[in-house]
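Undergrad: What follows is protein20.txt, made up of compact mmCIF, C-alpha atoms:
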```txt
# COMPACT_ATOMS: atom_id res chain seq x y z
CA MET A 1 132.32 -19.68 18.74
CA ILE A 2 130.36 -17.35 21.00
CA PRO A 3 131.34 -17.42 24.68
CA THR A 4 128.87 -19.23 26.93
CA GLY A 5 126.58 -17.00 28.95
CA GLU A 6 127.51 -16.43 32.56
CA ALA A 7 125.13 -17.16 35.42
CA THR A 8 125.10 -16.56 39.13
CA ILE A 9 126.98 -18.94 41.39
CA GLY A 10 123.74 -18.99 43.40
CA PRO A 11 123.27 -19.63 47.12
CA PHE A 12 124.32 -23.28 47.06
CA PHE A 13 128.01 -23.31 46.10
CA PRO A 14 129.30 -26.34 48.00
CA PRO A 15 131.14 -25.29 51.18
CA ARG A 16 133.71 -28.02 50.51
CA TYR A 17 134.82 -26.07 47.42
CA VAL A 18 136.35 -23.49 49.73
CA ASP A 19 139.11 -25.95 50.58
CA ALA A 20 140.93 -25.57 53.86
CA GLY A 21 144.07 -23.57 53.18
CA ALA A 22 142.88 -22.21 49.83
CA ASN A 23 143.12 -18.70 51.27
CA ASP A 24 146.78 -19.14 52.27
CA LEU A 25 149.11 -18.40 49.37
CA THR A 26 152.24 -18.19 51.51
CA LYS A 27 152.91 -21.90 51.09
CA PHE A 28 152.63 -24.27 48.17
CA ASP A 29 152.88 -28.02 48.64
CA GLY A 30 154.05 -27.25 52.18
CA ARG A 31 157.00 -25.09 51.14
CA ALA A 32 157.21 -21.40 51.95
CA ALA A 33 157.11 -18.82 49.19
CA VAL A 34 159.79 -16.14 48.86
CA GLY A 35 159.20 -12.60 50.06
CA GLU A 36 157.21 -10.70 52.66
CA ALA A 37 154.14 -12.53 53.94
CA ILE A 38 151.15 -10.24 54.30
CA GLU A 39 147.50 -10.45 55.23
CA ILE A 40 144.70 -9.04 53.11
CA LEU A 41 141.27 -8.83 54.67
CA GLY A 42 138.05 -6.98 54.16
CA CYS A 43 134.32 -6.86 54.52
CA VAL A 44 131.91 -7.17 51.61
CA ARG A 45 128.65 -5.22 51.72
CA GLN A 46 125.68 -4.56 49.46
CA GLU A 47 123.87 -1.28 48.82
CA ASP A 48 122.02 -1.09 52.16
CA GLY A 49 125.23 -1.81 54.06
CA ALA A 50 124.32 -5.39 54.91
CA ALA A 51 127.40 -7.62 55.20
CA LEU A 52 127.31 -10.56 52.80
CA GLU A 53 127.97 -14.05 54.10
CA ASN A 54 129.04 -17.02 52.02
CA LEU A 55 130.31 -14.85 49.18
CA VAL A 56 133.25 -16.29 47.22
CA VAL A 57 136.36 -14.17 46.66
CA GLU A 58 139.25 -15.27 44.48
CA ILE A 59 142.60 -13.56 43.94
CA TRP A 60 145.38 -13.85 41.37
CA GLN A 61 148.70 -12.08 41.65
CA ALA A 62 152.38 -12.04 40.75
CA ASP A 63 155.03 -13.42 43.08
CA ALA A 64 157.37 -11.32 45.19
CA LYS A 65 159.50 -10.58 42.13
CA GLY A 66 156.51 -9.49 40.04
CA ILE A 67 156.46 -12.69 37.97
CA TYR A 68 153.33 -14.64 37.03
CA ARG A 69 153.36 -18.40 37.23
CA HIS A 70 152.17 -18.71 33.64
CA PRO A 71 153.80 -19.31 30.25
CA ALA A 72 152.61 -15.94 28.91
CA ASP A 73 155.04 -14.25 31.30
CA PRO A 74 158.44 -14.08 29.59
CA ARG A 75 160.06 -14.30 33.03
CA GLN A 76 158.11 -17.43 34.01
CA ARG A 77 161.25 -19.55 34.41
CA ALA A 78 162.36 -17.29 37.25
CA ALA A 79 159.00 -17.53 39.03
CA ASP A 80 158.92 -18.67 42.66
CA ALA A 81 158.33 -22.45 42.54
CA ASN A 82 156.57 -22.24 45.89
CA PHE A 83 154.01 -19.61 44.96
CA LEU A 84 150.80 -20.50 43.14
CA GLY A 85 149.45 -16.94 43.00
CA TRP A 86 145.80 -18.01 43.30
CA GLY A 87 143.56 -18.26 46.32
CA ARG A 88 139.92 -18.55 47.32
CA ALA A 89 138.08 -17.47 50.43
CA ALA A 90 134.45 -17.28 51.50
CA THR A 91 133.06 -14.50 53.66
CA ASP A 92 132.00 -15.30 57.21
CA GLN A 93 128.80 -14.24 59.00
CA ALA A 94 130.15 -10.71 59.40
CA GLY A 95 130.96 -10.49 55.69
CA ASN A 96 134.71 -10.79 56.20
CA TYR A 97 137.16 -12.54 53.94
CA ARG A 98 140.83 -13.06 54.67
CA PHE A 99 143.90 -14.11 52.68
CA ARG A 100 147.48 -14.71 53.67
CA THR A 101 149.76 -14.10 50.74
CA MET A 102 153.07 -12.61 49.67
CA LEU A 103 153.51 -8.92 48.91
CA PRO A 104 153.53 -9.00 45.11
CA GLY A 105 156.37 -7.38 43.20
CA ALA A 106 155.53 -4.83 40.53
CA PRO A 107 155.11 -6.57 37.17
CA ALA A 108 156.56 -4.83 34.11
CA GLY A 109 154.60 -1.66 33.41
CA ARG A 110 152.33 -2.05 36.43
CA ALA A 111 152.23 -1.06 40.06
CA ARG A 112 152.12 -3.92 42.54
CA HIS A 113 148.54 -5.16 42.76
CA VAL A 114 146.24 -8.12 43.42
CA ASN A 115 143.42 -9.14 41.05
CA PHE A 116 140.12 -9.85 42.78
CA MET A 117 136.94 -11.52 41.66
CA VAL A 118 133.66 -11.81 43.51
CA MET A 119 131.00 -14.47 42.95
CA PHE A 120 127.69 -14.53 44.78
CA SER A 121 123.99 -15.16 44.73
CA GLY A 122 122.40 -12.22 42.93
CA LEU A 123 125.51 -11.57 40.85
CA MET A 124 124.68 -12.76 37.35
CA ARG A 125 128.26 -12.02 36.34
CA ILE A 126 131.57 -12.34 38.11
CA LEU A 127 132.64 -8.92 39.42
CA LYS A 128 136.33 -8.17 38.84
CA THR A 129 138.45 -5.53 40.45
CA THR A 130 142.06 -4.81 41.37
CA MET A 131 143.59 -3.96 44.73
CA TYR A 132 146.56 -1.59 45.04
CA PHE A 133 148.93 -0.93 47.91
CA PRO A 134 149.05 2.41 49.72
CA GLY A 135 151.95 4.76 49.20
CA ALA A 136 153.30 3.11 46.08
CA ASP A 137 154.57 5.84 43.74
CA ALA A 138 153.99 3.47 40.83
CA ASN A 139 150.24 3.62 41.43
CA ASP A 140 150.10 6.96 39.61
CA ALA A 141 151.50 5.39 36.45
CA ASP A 142 149.51 2.14 36.53
CA PRO A 143 147.45 1.89 33.33
CA VAL A 144 144.61 -0.05 34.92
CA LEU A 145 144.26 2.36 37.84
CA ALA A 146 144.49 5.25 35.38
CA ALA A 147 141.46 3.86 33.54
CA VAL A 148 139.38 4.45 36.68
CA PRO A 149 137.86 7.93 37.05
CA ALA A 150 140.27 9.94 39.23
CA ALA A 151 137.72 10.55 41.98
CA ARG A 152 137.23 6.81 42.48
CA ARG A 153 140.83 5.57 42.36
CA ALA A 154 141.37 5.78 46.11
CA LEU A 155 138.67 3.11 46.54
CA LEU A 156 141.04 0.58 44.95
CA VAL A 157 143.91 1.32 47.33
CA ALA A 158 144.00 -0.88 50.41
CA ARG A 159 144.46 0.63 53.86
CA GLN A 160 147.41 -0.58 55.91
CA GLU A 161 146.05 -1.45 59.36
CA SER A 162 149.37 -2.55 60.81
CA PRO A 163 152.65 -3.75 59.35
CA GLY A 164 151.88 -6.45 56.80
CA LYS A 165 148.12 -6.19 57.25
CA TYR A 166 146.01 -4.59 54.52
CA ARG A 167 142.28 -3.89 54.56
CA PHE A 168 140.41 -3.90 51.25
CA ASP A 169 136.67 -3.59 51.84
CA LEU A 170 134.34 -4.20 48.94
CA LYS A 171 131.08 -2.33 48.49
CA LEU A 172 129.16 -3.88 45.63
CA ARG A 173 126.76 -0.98 45.12
CA GLY A 174 125.97 2.45 46.49
CA GLU A 175 127.99 4.83 48.65
CA HIS A 176 131.74 4.24 48.33
CA GLU A 177 131.02 1.65 45.66
CA THR A 178 134.13 -0.27 44.67
CA PRO A 179 135.10 0.32 41.04
CA PHE A 180 134.64 -2.86 39.00
CA PHE A 181 135.95 -3.54 35.54
CA ASP A 182 133.96 -4.18 32.39
CA ASP A 183 135.65 -7.38 31.39
CA MET B 1 150.90 -12.70 25.11
CA ASP B 2 149.28 -16.00 24.21
CA THR B 3 145.65 -15.13 24.64
CA VAL B 4 143.53 -12.34 23.24
CA ILE B 5 140.33 -11.40 25.02
CA ALA B 6 137.79 -9.21 23.26
CA PRO B 7 134.62 -7.73 24.73
CA ARG B 8 131.60 -10.00 24.45
CA ASP B 9 128.34 -9.28 22.69
CA GLU B 10 126.18 -8.07 25.58
CA ARG B 11 123.12 -9.81 24.13
CA THR B 12 124.77 -13.17 24.74
CA GLN B 13 125.34 -12.42 28.44
CA PRO B 14 122.78 -12.04 31.23
CA ALA B 15 121.43 -8.75 32.46
CA ARG B 16 122.95 -7.85 35.82
CA ILE B 17 119.71 -6.67 37.37
CA VAL B 18 116.94 -9.18 36.76
CA PRO B 19 113.25 -8.40 37.34
CA GLY B 20 111.84 -10.75 39.95
CA TYR B 21 115.29 -11.78 41.26
CA PRO B 22 115.19 -9.69 44.42
CA GLN B 23 118.88 -9.76 45.38
CA THR B 24 120.13 -8.39 42.08
CA PRO B 25 119.28 -4.68 42.60
CA TRP B 26 121.22 -4.59 45.88
CA ARG B 27 124.45 -6.16 44.72
CA ASN B 28 125.27 -5.02 41.25
CA PRO B 29 127.28 -1.87 40.63
CA LYS B 30 125.42 1.37 40.03
CA GLU B 31 128.47 3.14 38.62
CA PRO B 32 129.52 2.36 35.05
CA LEU B 33 131.96 -0.55 34.84
CA VAL B 34 135.44 0.59 33.95
CA ARG B 35 136.75 -0.48 30.55
CA ARG B 36 140.44 -1.43 30.66
CA ALA B 37 142.94 -2.80 28.19
CA PRO B 38 144.03 -6.21 29.52
CA THR B 39 147.66 -6.48 30.61
CA LEU B 40 149.81 -9.51 31.41
CA SER B 41 148.21 -9.63 34.85
CA GLU B 42 144.73 -10.37 33.49
CA LEU B 43 146.04 -12.46 30.57
CA THR B 44 147.74 -14.93 32.86
CA GLY B 45 146.02 -17.05 35.45
CA PRO B 46 146.35 -20.07 37.69
CA LEU B 47 147.09 -23.25 35.73
CA GLU B 48 147.65 -25.48 38.75
CA VAL B 49 144.50 -25.00 40.77
CA ALA B 50 144.21 -28.79 40.87
CA ARG B 51 147.30 -28.87 43.06
CA ARG B 52 145.65 -26.57 45.61
CA VAL B 53 142.12 -27.97 45.73
CA LYS B 54 140.85 -31.51 46.10
CA LEU B 55 139.56 -33.23 42.97
CA LEU B 56 136.35 -35.12 43.62
CA GLY B 57 135.92 -37.12 40.44
CA GLY B 58 133.05 -37.01 37.98
CA ASP B 59 130.90 -39.85 39.24
CA ILE B 60 128.38 -38.69 41.81
CA ALA B 61 125.50 -41.09 41.19
CA GLY B 62 126.82 -43.62 43.68
CA HIS B 63 127.47 -47.33 43.44
CA GLY B 64 126.39 -50.65 44.89
CA GLU B 65 124.04 -50.23 47.80
CA LYS B 66 124.72 -46.49 47.95
CA GLN B 67 123.11 -45.35 44.74
CA ALA B 68 121.36 -42.01 44.50
CA ILE B 69 117.66 -42.02 43.73
CA GLY B 70 116.66 -40.53 40.40
CA GLN B 71 117.01 -40.69 36.67
CA LEU B 72 120.54 -41.87 36.01
CA MET B 73 122.25 -39.65 33.45
CA HIS B 74 125.59 -39.32 31.78
CA LEU B 75 126.82 -35.91 30.64
CA LYS B 76 129.61 -35.39 28.12
CA VAL B 77 130.94 -31.85 27.99
CA ARG B 78 133.52 -30.22 25.74
CA VAL B 79 135.25 -27.03 26.81
CA MET B 80 136.71 -24.85 24.08
CA ASP B 81 137.76 -21.28 23.34
CA GLU B 82 136.27 -18.89 20.81
CA ASP B 83 138.27 -20.54 18.02
CA GLY B 84 136.78 -23.91 18.95
CA GLU B 85 140.18 -25.01 20.23
CA PRO B 86 139.90 -27.44 23.13
CA VAL B 87 140.79 -26.14 26.56
CA GLY B 88 142.57 -29.04 28.23
CA GLY B 89 143.74 -29.19 31.82
CA ALA B 90 140.95 -26.91 33.02
CA VAL B 91 139.57 -27.46 36.50
CA VAL B 92 135.77 -27.71 36.40
CA GLU B 93 133.61 -27.52 39.51
CA ILE B 94 130.14 -28.96 39.20
CA TRP B 95 127.24 -28.81 41.62
CA GLN B 96 123.54 -29.62 41.52
CA CYS B 97 120.55 -30.50 43.65
CA ASN B 98 119.23 -34.04 43.98
CA ALA B 99 116.39 -35.55 42.00
CA ALA B 100 113.89 -34.03 44.44
CA GLY B 101 115.27 -30.53 44.03
CA ARG B 102 117.22 -30.36 47.30
CA TYR B 103 120.81 -29.19 47.78
CA ILE B 104 123.10 -30.38 50.53
CA HIS B 105 123.81 -26.87 51.77
CA PRO B 106 123.06 -24.91 54.95
CA ASN B 107 121.23 -22.34 52.79
CA ASP B 108 118.71 -24.88 51.50
CA ASP B 109 115.87 -25.21 54.01
CA ASP B 110 113.35 -26.46 51.47
CA HIS B 111 111.16 -29.37 52.54
CA ALA B 112 112.17 -31.61 49.66
CA PRO B 113 113.89 -34.77 50.88
CA VAL B 114 117.62 -35.18 51.26
CA ASP B 115 119.08 -38.24 49.54
CA ALA B 116 121.63 -39.86 51.84
CA ASN B 117 123.50 -41.17 48.80
CA PHE B 118 123.73 -37.88 46.94
CA TYR B 119 125.91 -34.88 47.80
CA GLY B 120 125.91 -33.31 44.35
CA ALA B 121 129.44 -31.97 43.92
CA ALA B 122 132.05 -33.06 41.39
CA ARG B 123 135.42 -31.50 40.57
CA VAL B 124 137.28 -32.69 37.52
CA VAL B 125 139.96 -31.64 35.03
CA THR B 126 139.34 -31.55 31.28
CA ASP B 127 141.44 -33.89 29.13
CA GLU B 128 143.51 -32.78 26.14
CA SER B 129 140.43 -32.66 23.94
CA GLY B 130 138.75 -30.31 26.43
CA ALA B 131 136.33 -33.06 27.46
CA PHE B 132 135.02 -34.18 30.79
CA GLU B 133 132.22 -36.51 31.80
CA LEU B 134 129.76 -36.58 34.65
CA ARG B 135 127.76 -39.55 35.87
CA THR B 136 124.91 -38.32 38.03
CA VAL B 137 121.16 -38.29 38.50
CA LYS B 138 119.09 -35.66 36.78
CA PRO B 139 118.47 -32.73 39.13
CA GLY B 140 114.89 -31.87 40.07
CA ALA B 141 113.17 -28.52 39.84
CA TYR B 142 112.65 -26.47 43.00
CA PRO B 143 110.78 -23.36 44.10
CA VAL B 144 112.78 -20.21 44.81
CA PRO B 145 111.70 -18.66 48.12
CA THR B 146 110.48 -15.48 46.43
CA LYS B 147 106.97 -16.87 47.01
CA ASP B 148 105.72 -15.59 43.67
CA GLY B 149 105.76 -18.78 41.69
CA TRP B 150 109.35 -18.79 40.47
CA TRP B 151 110.64 -22.34 40.14
CA ARG B 152 114.12 -23.11 38.94
CA PRO B 153 114.05 -25.67 36.12
CA PRO B 154 116.42 -28.62 36.39
CA HIS B 155 119.95 -27.28 35.94
CA ILE B 156 123.58 -28.04 36.72
CA HIS B 157 126.10 -25.41 37.87
CA PHE B 158 129.62 -25.14 36.48
CA SER B 159 132.63 -23.10 37.55
CA LEU B 160 135.57 -23.28 35.15
CA PHE B 161 139.17 -22.12 35.27
CA GLY B 162 140.53 -21.40 31.81
CA ARG B 163 144.13 -20.59 31.01
CA VAL B 164 143.89 -16.94 31.96
CA TRP B 165 142.11 -14.86 34.60
CA LEU B 166 139.63 -13.27 32.19
CA GLN B 167 138.46 -16.72 31.00
CA ARG B 168 137.11 -17.66 34.41
CA LEU B 169 133.48 -18.68 33.95
CA VAL B 170 130.54 -19.52 36.17
CA THR B 171 127.50 -20.77 34.28
CA GLN B 172 124.49 -23.08 34.44
CA MET B 173 123.33 -25.80 32.05
CA TYR B 174 119.68 -26.61 31.39
CA PHE B 175 117.81 -29.60 29.99
CA PRO B 176 115.91 -29.74 26.70
CA GLY B 177 112.13 -29.66 26.67
CA GLU B 178 111.66 -28.61 30.28
CA PRO B 179 108.44 -26.64 30.71
CA LEU B 180 110.04 -24.39 33.34
CA ASN B 181 112.82 -23.24 31.00
CA GLY B 182 110.62 -20.66 29.33
CA GLN B 183 109.88 -18.79 32.57
CA ASP B 184 113.15 -19.14 34.47
CA ARG B 185 114.39 -15.68 35.42
CA ILE B 186 118.07 -16.66 35.34
CA LEU B 187 118.05 -18.47 31.99
CA ASN B 188 115.91 -15.75 30.42
CA ALA B 189 118.15 -12.97 31.70
CA VAL B 190 120.21 -13.69 28.57
CA PRO B 191 118.54 -11.54 25.89
CA ASP B 192 119.60 -13.47 22.79
CA ALA B 193 117.51 -16.57 22.04
CA GLN B 194 120.36 -18.45 20.38
CA ALA B 195 122.64 -17.71 23.31
CA ARG B 196 119.99 -19.15 25.63
CA GLU B 197 119.72 -22.28 23.46
CA ARG B 198 123.45 -22.80 23.87
CA LEU B 199 122.89 -23.10 27.63
CA VAL B 200 120.64 -26.13 27.03
CA ALA B 201 122.23 -29.58 26.76
CA ARG B 202 121.45 -31.90 23.86
CA MET B 203 119.99 -35.34 24.56
CA VAL B 204 121.78 -37.97 22.49
CA SER B 205 120.44 -40.90 24.41
CA ALA B 206 119.25 -44.37 23.67
CA THR B 207 122.61 -45.69 22.58
CA GLY B 208 122.63 -48.03 25.54
CA ASN B 209 126.09 -46.87 26.48
CA PRO B 210 126.33 -46.47 29.38
CA ALA B 211 123.40 -48.72 30.22
CA ASN B 212 120.38 -47.32 32.05
CA ALA B 213 121.53 -43.73 31.71
CA LEU B 214 120.14 -40.89 29.65
CA VAL B 215 123.04 -39.38 27.73
CA PHE B 216 123.42 -35.63 27.25
CA GLU B 217 126.07 -33.60 25.46
CA HIS B 218 126.99 -30.00 26.09
CA GLN B 219 129.51 -27.41 24.95
CA ILE B 220 131.03 -24.67 27.03
CA VAL B 221 132.89 -21.88 25.25
CA LEU B 222 135.37 -19.84 27.26
CA ARG B 223 136.29 -16.35 26.17
CA GLY B 224 139.48 -15.73 24.28
CA ARG B 225 141.48 -16.99 21.36
CA LYS B 226 145.11 -17.67 20.77
CA ALA B 227 147.11 -14.69 19.58
CA THR B 228 148.33 -14.94 16.00
CA PRO B 229 152.09 -15.56 16.11
CA GLY B 230 153.94 -12.30 15.70
CA GLN B 231 150.95 -10.25 16.80
CA PRO B 232 150.65 -8.73 20.25
```
Show how you would write the structure in this file as structure tokens.
TA:
Amino acid sequence: MIPTGEATIGPFFPPRYVDAGANDLTKFDGRAAVGEAIEILGCVRQEDGAALENLVVEIWQADAKGIYRHPADPRQRAADANFLGWGRAATDQAGNYRFRTMLPGAPAGRARHVNFMVMFSGLMRILKTTMYFPGADANDADPVLAAVPAARRALLVARQESPGKYRFDLKLRGEHETPFFDD
Amino acid sequence: MDTVIAPRDERTQPARIVPGYPQTPWRNPKEPLVRRAPTLSELTGPLEVARRVKLLGGDIAGHGEKQAIGQLMHLKVRVMDEDGEPVGGAVVEIWQCNAAGRYIHPNDDDHAPVDANFYGAARVVTDESGAFELRTVKPGAYPVPTKDGWWRPPHIHFSLFGRVWLQRLVTQMYFPGEPLNGQDRILNAVPDAQARERLVARMVSATGNPANALVFEHQIVLRGRKATPGQP
């Protein structure tokens, strides 16, 4: 079977699909996840610098111990029962998105990271990228980061604005364009 | 790992920059996309989205005195992977305009009438056979505000969560025999004609079940196949 063709999410994705609390991964069914709660925020812009409103951002990440809540992870049984690992946010008028989540642990063979995807009007395909944390020695050995041309790797490393607060701006095209993955 | 994801045939997927779709040149990467070998991180994904978001059911045509205006239709969809294996337990988000071509959304300032009995959003989970059903009214066509004659043909939007991150899919489904299909810039951004045909539902109709509704069937194929046991 040939995979169905993608299409843009368009300008009319129902606002109610960005459920209240969907951008807060620090709790699941009302119970607090294990680890260090952090904030990840950023602004999304297009080539001319215009901030993009109503853009949908989703994230997927490991829990504080670096375990994925999924049967493909051999350590799944030890996963944090109170951490879903997935969240969704929409950008506001100033193009800003915001998540509260737990600082992910480093999964086997990887540096700690958060998977991002971006869906928007004018994007015929989902754009996928990966956010890294500043100052992590493991970043240098991460195979996904290593696949990015060296001169562009820094664009995937978030900036720590204050303790527990990380800024990861996304530029979809043009100067300081965020590296996106061909998958 | 359970799931293997291979690159897709580009001809079956839409161009990123589409002539006549004015937002596309501003928002799609200029730099080459980075090819990576998937790791556990991309070959896992959220399986319990339905516990985080609110399910809305698959019946949006209304009932009793609050029935939406339009051609009542019933859509039966099967979601599968590249092996044709059903993808059960997948959250599917569905949205569409009303029969007059109007969305309930702050971005839609078209003059077409709002239908007080139609919001146009359904959120369901596929059953073990990968199936879900939608009872709705057939969406209308509407003009895109490019002011150069581009009208969207009737279509329904889908957002699907597969079993792993790289299976996530956002797509649109079209209707057979619609005169606007041949000139739609989004549908025709897919270069391969057969791939475009697979975005068009099949009318199976006239069975009388359910009564008064046109019946359509559709297939959605997510990327990926199960790894052969013993293989990576």
Undergrad: Determine, counting only C-alpha atoms, which protein, DNA and RNA residues have an atom within 7 Å of an atom of stretch 133-143 of chain B; residues of the same chain fewer than 4 positions away are not included. Present the result as a ChimeraX atom specification.
TA: /B:58-61,70-77,96-101,150-155
Undergrad: Could you list, as an mmCIF file with C-alpha atoms, keeping the file's coordinate frame, every residue of chain B that has an atom within 7 Å of an atom of chain A, counting all atoms listed in the file?
TA:
```cif
data_model
loop_
_atom_site.group_PDB
_atom_site.id
_atom_site.type_symbol
_atom_site.label_atom_id
_atom_site.label_comp_id
_atom_site.auth_asym_id
_atom_site.auth_seq_id
_atom_site.Cartn_x
_atom_site.Cartn_y
_atom_site.Cartn_z
ATOM 1 C CA MET B 1 150.900 -12.700 25.110
ATOM 2 C CA ASP B 2 149.280 -16.000 24.210
ATOM 3 C CA PRO B 7 134.620 -7.730 24.730
ATOM 4 C CA THR B 12 124.770 -13.170 24.740
ATOM 5 C CA GLN B 13 125.340 -12.420 28.440
ATOM 6 C CA PRO B 14 122.780 -12.040 31.230
ATOM 7 C CA ARG B 16 122.950 -7.850 35.820
ATOM 8 C CA GLN B 23 118.880 -9.760 45.380
ATOM 9 C CA THR B 24 120.130 -8.390 42.080
ATOM 10 C CA TRP B 26 121.220 -4.590 45.880
ATOM 11 C CA ARG B 27 124.450 -6.160 44.720
ATOM 12 C CA ASN B 28 125.270 -5.020 41.250
ATOM 13 C CA PRO B 29 127.280 -1.870 40.630
ATOM 14 C CA LYS B 30 125.420 1.370 40.030
ATOM 15 C CA LEU B 33 131.960 -0.550 34.840
ATOM 16 C CA VAL B 34 135.440 0.590 33.950
ATOM 17 C CA ARG B 35 136.750 -0.480 30.550
ATOM 18 C CA ARG B 36 140.440 -1.430 30.660
ATOM 19 C CA THR B 44 147.740 -14.930 32.860
ATOM 20 C CA GLY B 45 146.020 -17.050 35.450
ATOM 21 C CA PRO B 46 146.350 -20.070 37.690
ATOM 22 C CA ARG B 52 145.650 -26.570 45.610
ATOM 23 C CA VAL B 53 142.120 -27.970 45.730
ATOM 24 C CA GLU B 82 136.270 -18.890 20.810
ATOM 25 C CA ASP B 83 138.270 -20.540 18.020
ATOM 26 C CA GLY B 84 136.780 -23.910 18.950
ATOM 27 C CA TYR B 103 120.810 -29.190 47.780
ATOM 28 C CA HIS B 105 123.810 -26.870 51.770
ATOM 29 C CA ASN B 107 121.230 -22.340 52.790
ATOM 30 C CA ALA B 121 129.440 -31.970 43.920
ATOM 31 C CA LEU B 169 133.480 -18.680 33.950
ATOM 32 C CA VAL B 170 130.540 -19.520 36.170
ATOM 33 C CA THR B 171 127.500 -20.770 34.280
ATOM 34 C CA GLN B 172 124.490 -23.080 34.440
ATOM 35 C CA ALA B 195 122.640 -17.710 23.310
ATOM 36 C CA ILE B 220 131.030 -24.670 27.030
ATOM 37 C CA VAL B 221 132.890 -21.880 25.250
ATOM 38 C CA LEU B 222 135.370 -19.840 27.260
ATOM 39 C CA ARG B 223 136.290 -16.350 26.170
#
```
Undergrad: How many Å separate atom CA of A:Ala111 from atom CA of B:Val164?
TA: 19.7 Å
Undergrad: Work out how far apart atom CA of A:Ala150 and atom CA of A:Ala106 are and give it in Å to one decimal.
TA: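 Going from atom CA of A:Ala150 over to atom CA of A:Ala106, I get 21.3 Å.
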Undergrad: Out of B:Ala90, B:Ala37, B:Val49, B:Leu56, which residue has the shortest atom-to-atom distance to B:Gly120 when counting all atoms listed in the file?
TA: B:Leu56
Undergrad: For atom CA of B:Gly182 and atom CA of B:Val200, quote the distance in Å rounded to one decimal.
TA: 11.6 Å
Undergrad: If I put a ball of radius 7 Å at (129.0, -6.6, 58.8) in the file's coordinates, which residues poke into it when counting all atoms listed in the file, written as a ChimeraX atom specification?
TA: /A:43,50-51,94-95
Undergrad: Kindly save the residues from that selection, with C-alpha atoms included, as a short mmCIF file (atom, residue, chain, number, x, y, z; two decimals), in the coordinates of the input.
TA:
```
data_model
loop_
_atom_site.label_atom_id
_atom_site.label_comp_id
_atom_site.auth_asym_id
_atom_site.auth_seq_id
_atom_site.Cartn_x
_atom_site.Cartn_y
_atom_site.Cartn_z
CA CYS A 43 134.32 -6.86 54.52
CA ALA A 50 124.32 -5.39 54.91
CA ALA A 51 127.40 -7.62 55.20
CA ALA A 94 130.15 -10.71 59.40
CA GLY A 95 130.96 -10.49 55.69
#
```
Undergrad: Can you work out which one of B:Met173, B:Ala193, B:Ala50, B:Ala131 has the shortest atom-to-atom distance to B:Glu85, counting only C-alpha atoms?
TA: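 Smallest separation from B:Glu85 among the options: B:Ala131.
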